[in-house]
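K.L.:
So that you have it, the file is my_file25.txt, and it contains compact mmCIF, C-alpha atoms (C1' of nucleotides):
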```txt
# COMPACT_ATOMS: atom_id res chain seq x y z
CA MET F 1 70.72 94.28 93.52
CA LEU F 2 71.48 95.02 89.93
CA SER F 3 75.16 95.59 90.59
CA GLY F 4 74.26 98.48 92.86
CA LYS F 5 75.69 101.91 92.38
CA GLY F 6 73.42 102.94 89.48
CA ARG F 7 76.38 103.13 87.18
CA ARG F 8 76.69 105.98 84.74
CA GLY F 9 73.24 107.21 85.43
CA ILE F 10 71.39 104.37 83.78
CA GLY F 11 68.78 103.62 86.39
CA TYR F 12 67.58 100.18 85.52
CA ASP F 13 66.06 99.88 88.95
CA THR F 14 63.72 102.76 88.20
CA ARG F 15 62.61 101.57 84.79
CA GLY F 16 59.74 99.39 85.88
CA CYS F 17 58.37 97.00 88.40
CA TYR F 18 60.74 94.15 87.72
CA ASP F 19 60.08 92.58 91.08
CA CYS F 20 56.34 92.28 90.60
CA ASP F 21 55.53 88.62 90.12
CA GLN F 22 52.35 89.34 88.25
CA ALA F 23 53.55 92.05 85.92
CA MET F 24 54.32 91.25 82.34
CA ASN F 25 57.76 92.51 81.52
CA TYR F 26 59.40 93.40 78.26
CA TRP F 27 62.95 93.00 77.09
CA LEU F 28 65.23 93.71 74.21
CA LEU F 29 67.52 90.88 73.19
CA LYS F 30 70.48 91.59 70.95
CA THR F 31 71.98 89.16 68.53
CA GLU F 32 74.28 89.33 65.58
CA PRO F 33 72.23 87.85 62.76
CA GLY F 34 75.33 86.25 61.27
CA CYS F 35 75.48 84.25 64.47
CA PHE F 36 71.80 83.73 65.23
CA SER F 37 68.97 85.53 63.46
CA MET F 38 65.22 85.87 63.72
CA ASP F 39 64.90 83.43 60.79
CA ASP F 40 67.14 80.98 62.62
CA LEU F 41 64.75 81.14 65.57
CA LYS F 42 61.75 80.62 63.30
CA ASN F 43 63.39 77.58 61.77
CA ARG F 44 64.13 75.86 65.06
CA PRO F 45 61.95 72.95 66.21
CA ASP F 46 58.96 74.52 67.99
CA MET F 47 60.45 77.84 66.88
CA THR F 48 62.19 77.77 70.25
CA GLU F 49 65.82 78.17 71.24
CA HIS F 50 68.04 78.73 74.28
CA TRP F 51 69.24 82.29 74.68
CA ASP F 52 72.71 81.22 75.70
CA GLY F 53 76.15 82.73 75.62
CA VAL F 54 75.39 85.89 77.60
CA ARG F 55 78.62 86.72 79.43
CA ASN F 56 77.95 90.05 81.00
CA TYR F 57 76.97 90.26 84.65
CA GLN F 58 74.28 92.88 84.35
CA ALA F 59 72.63 91.00 81.49
CA ARG F 60 73.08 87.76 83.44
CA ASN F 61 71.26 89.25 86.43
CA PHE F 62 68.26 90.09 84.29
CA LEU F 63 68.16 86.58 82.82
CA ARG F 64 68.59 84.92 86.20
CA ASP F 65 66.31 87.09 88.32
CA GLN F 66 63.76 88.93 86.28
CA VAL F 67 62.97 87.47 82.89
CA LYS F 68 59.80 85.40 83.31
CA VAL F 69 57.72 83.01 81.25
CA GLY F 70 55.32 85.02 79.13
CA ASP F 71 57.50 88.11 78.98
CA GLY F 72 57.81 89.76 75.59
CA ALA F 73 61.10 90.32 73.82
CA LEU F 74 62.10 92.68 71.05
CA PHE F 75 64.45 90.73 68.80
CA TYR F 76 67.26 93.06 67.79
CA HIS F 77 69.86 92.50 65.07
CA SER F 78 73.17 94.19 65.90
CA ASN F 79 76.51 94.69 64.26
CA ILE F 80 75.16 95.00 60.74
CA PRO F 81 74.85 97.98 58.40
CA GLU F 82 71.29 98.71 59.51
CA PRO F 83 70.79 97.49 63.07
CA ALA F 84 67.10 97.06 63.89
CA VAL F 85 64.39 95.44 65.93
CA VAL F 86 63.18 92.82 63.49
CA GLY F 87 60.52 90.97 65.42
CA ILE F 88 58.94 89.68 68.57
CA ALA F 89 59.74 86.64 70.66
CA GLU F 90 58.30 85.40 73.91
CA VAL F 91 59.97 83.86 76.90
CA VAL F 92 58.95 80.24 77.35
CA ARG F 93 61.39 79.28 80.09
CA ALA F 94 62.76 81.51 82.85
CA GLY F 95 66.41 81.71 83.85
CA TYR F 96 68.36 78.49 84.33
CA PRO F 97 72.06 77.64 84.15
CA ASP F 98 73.71 78.17 80.78
CA PHE F 99 75.26 74.78 80.17
CA THR F 100 77.45 76.05 77.36
CA ALA F 101 79.63 77.63 80.07
CA LEU F 102 80.39 74.12 81.35
CA ASP F 103 81.23 72.63 77.97
CA PRO F 104 84.93 72.84 77.12
CA GLY F 105 84.00 72.36 73.49
CA SER F 106 81.76 75.40 73.42
CA GLU F 107 82.98 78.77 72.29
CA HIS F 108 81.13 80.11 75.33
CA PHE F 109 83.01 77.84 77.74
CA ASP F 110 83.97 79.54 81.00
CA PRO F 111 86.46 77.71 83.23
CA LYS F 112 85.15 79.60 86.24
CA ALA F 113 81.70 78.06 85.91
CA SER F 114 80.84 74.75 87.56
CA PRO F 115 77.68 72.70 88.11
CA LEU F 116 77.51 73.93 91.71
CA ASN F 117 78.20 77.50 90.65
CA PRO F 118 76.85 77.82 87.12
CA LEU F 119 77.74 81.50 87.02
CA TRP F 120 75.92 82.14 83.74
CA TYR F 121 72.21 81.84 82.98
CA MET F 122 69.99 81.61 79.96
CA VAL F 123 66.30 81.60 79.11
CA ASP F 124 64.37 79.95 76.29
CA VAL F 125 62.54 82.06 73.74
CA ARG F 126 59.99 81.26 71.06
CA TYR F 127 59.41 83.03 67.78
CA VAL F 128 56.20 85.04 67.72
CA GLU F 129 56.21 87.30 64.68
CA LYS F 130 58.33 89.45 62.46
CA MET F 131 57.91 93.17 62.18
CA PRO F 132 56.22 93.98 58.86
CA SER F 133 58.88 96.69 58.70
CA PRO F 134 61.99 96.47 60.89
CA VAL F 135 62.41 99.32 63.34
CA THR F 136 65.91 100.57 62.70
CA LEU F 137 68.20 101.98 65.35
CA GLU F 138 68.08 105.22 63.41
CA LYS F 139 64.30 105.42 63.77
CA ILE F 140 64.56 104.56 67.43
CA ARG F 141 67.14 107.30 67.95
CA ASN F 142 64.94 109.77 66.13
CA ASN F 143 61.94 109.14 68.34
CA PRO F 144 62.08 111.35 71.44
CA LEU F 145 59.74 108.98 73.26
CA LEU F 146 62.42 106.30 73.04
CA SER F 147 65.32 108.39 74.26
CA GLY F 148 65.33 106.65 77.62
CA MET F 149 66.20 103.26 76.20
CA PRO F 150 69.60 101.85 77.16
CA LEU F 151 70.00 101.04 73.48
CA VAL F 152 69.94 104.73 72.63
CA LYS F 153 72.24 105.64 75.48
CA ARG F 154 74.89 103.56 73.80
CA SER F 155 74.75 100.82 76.29
CA ARG F 156 76.27 97.63 74.96
CA LEU F 157 74.05 95.62 77.22
CA SER F 158 72.74 92.61 75.31
CA VAL F 159 69.69 92.03 77.51
CA GLN F 160 67.83 95.22 78.31
CA PRO F 161 64.54 96.06 79.99
CA VAL F 162 61.90 97.77 77.86
CA THR F 163 59.02 99.73 79.33
CA ALA F 164 55.42 98.98 78.40
CA GLU F 165 55.27 102.28 76.58
CA GLU F 166 58.45 101.63 74.61
CA TRP F 167 57.11 98.19 73.73
CA ARG F 168 53.87 99.63 72.42
CA ILE F 169 55.61 102.37 70.45
CA ILE F 170 58.13 100.08 68.81
CA ARG F 171 55.47 97.54 67.90
CA ALA F 172 53.46 100.31 66.28
CA MET F 173 56.52 101.65 64.44
CA GLY F 174 57.12 98.17 63.07
CA GLY F 175 53.56 97.91 61.80
CA LEU F 176 52.23 95.45 64.36
CA GLU F 177 48.77 95.65 65.84
CA SER F 178 48.57 97.12 69.28
CA ARG F 179 47.78 94.53 71.82
C1' DG L 180 88.20 98.63 59.49
C1' DC L 181 88.09 102.34 62.86
C1' DC L 182 87.45 103.64 67.24
C1' DA L 183 84.65 105.19 71.36
C1' DA L 184 82.50 103.16 75.14
C1' DC L 185 83.01 100.46 78.69
C1' DG L 186 83.54 95.93 81.15
C1' DT L 187 87.25 92.99 83.12
C1' DT L 188 91.69 91.84 84.92
C1' DG L 189 95.48 92.07 87.74
C1' DG L 190 99.45 94.53 89.85
C1' DC L 191 100.24 97.24 93.55
C1' DG E 192 90.39 99.42 96.49
C1' DC E 193 92.59 102.03 92.81
C1' DC E 194 93.56 102.31 88.22
C1' DA E 195 96.19 101.25 83.95
C1' DA E 196 96.13 97.93 80.52
C1' DC E 197 93.60 95.21 77.83
C1' DG E 198 89.67 93.00 75.40
C1' DT E 199 85.07 93.27 73.45
C1' DT E 200 80.99 95.40 71.59
C1' DG E 201 78.82 97.47 68.13
C1' DG E 202 77.70 101.84 65.47
C1' DC E 203 79.44 104.00 61.73
```
Could you render the structure from this file as structure tokens?

P.N.:
Amino acid sequence: MLSGKGRRGIGYDTRGCYDCDQAMNYWLLKTEPGCFSMDDLKNRPDMTEHWDGVRNYQARNFLRDQVKVGDGALFYHSNIPEPAVVGIAEVVRAGYPDFTALDPGSEHFDPKASPLNPLWYMVDVRYVEKMPSPVTLEKIRNNPLLSGMPLVKRSRLSVQPVTAEEWRIIRAMGGLESR
DNA sequence: GCCAACGTTGGC
DNA sequence: GCCAACGTTGGC
């Protein structure tokens, strides 16, 4: 599972009990705010949107196999002057085929995908709350307790697992109540 | 805009 | 199955 091999020492398979049906899991979802931002999510009907367009196999595997309804997500803005976790979303639909891969008109179209072999997967997420103060990448890097995060290890992975401890710490750093 | 990291592709 | 070339991500 998980593309085997434990590439480059990032042991995703040791970062939590992702196979436990009962366990609440946490994730970090990256997006370029110029493309889709936390405010965009808030402004959607039901404050809900498909998390589509993921075209990386490792990220795809998380979406397809492990992200569950009720899981928490750190909403991360990338590729801007001050990249940061800006808020919290929750998963409201688990992995299902990403139809944008089948749509020739979509910028995420993938000719290798087909209805019988959808290839790419997405989940649906709903806006929960913004961080009173965004937790910048710089702050995350400067916190030794967060040094295990793929984000800090310069992984470009756009869907990443977050441990319960990291979740708690980042929420607190952003000024959210512990929960 | 630069460029390091790193994922993907394709020739062999 | 190796690996060079190439493309993309994303911090800076």

K.L.:
Would you list which chain F residues are within 12 Å of chain L using only C-alpha atoms (C1' of nucleotides), as a compact mmCIF listing (two decimals) with C-alpha atoms, keeping the file's coordinate frame?

P.N.:
```txt
# COMPACT_ATOMS: atom_id res chain seq x y z
CA ARG F 7 76.38 103.13 87.18
CA ARG F 8 76.69 105.98 84.74
CA ARG F 55 78.62 86.72 79.43
CA ASN F 56 77.95 90.05 81.00
CA TYR F 57 76.97 90.26 84.65
CA GLN F 58 74.28 92.88 84.35
CA ALA F 59 72.63 91.00 81.49
CA LYS F 153 72.24 105.64 75.48
CA ARG F 154 74.89 103.56 73.80
CA SER F 155 74.75 100.82 76.29
CA ARG F 156 76.27 97.63 74.96
CA LEU F 157 74.05 95.62 77.22
```

K.L.:
Measure the distance from CA of Asn61 (chain F) to CA of Met122 (chain F) in Å and round it to one decimal.

P.N.:
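About the pair CA of Asn61 (chain F) and CA of Met122 (chain F): they are 10.1 Å apart.
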
K.L.:
Tell me, as a PyMOL selection string, which residues lie within 7 Å of region 24-29 of chain F, counting all atoms listed in the file; anything in the same chain fewer than 4 positions away does not count.

P.N.:
chain F and resi 71-76+158-164+167

K.L.:
What's the separation between CA of Pro115 (chain F) and CA of Glu32 (chain F), in Å to one decimal place?

P.N.:
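Separating CA of Pro115 (chain F) from CA of Glu32 (chain F) is a distance of 28.2 Å.
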
K.L.:
Grab the CA of Asp98 (chain F) to CA of Arg60 (chain F) distance for me, in Å with one decimal place.

P.N.:
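Distance reported for this atom pair: 10.0 Å.
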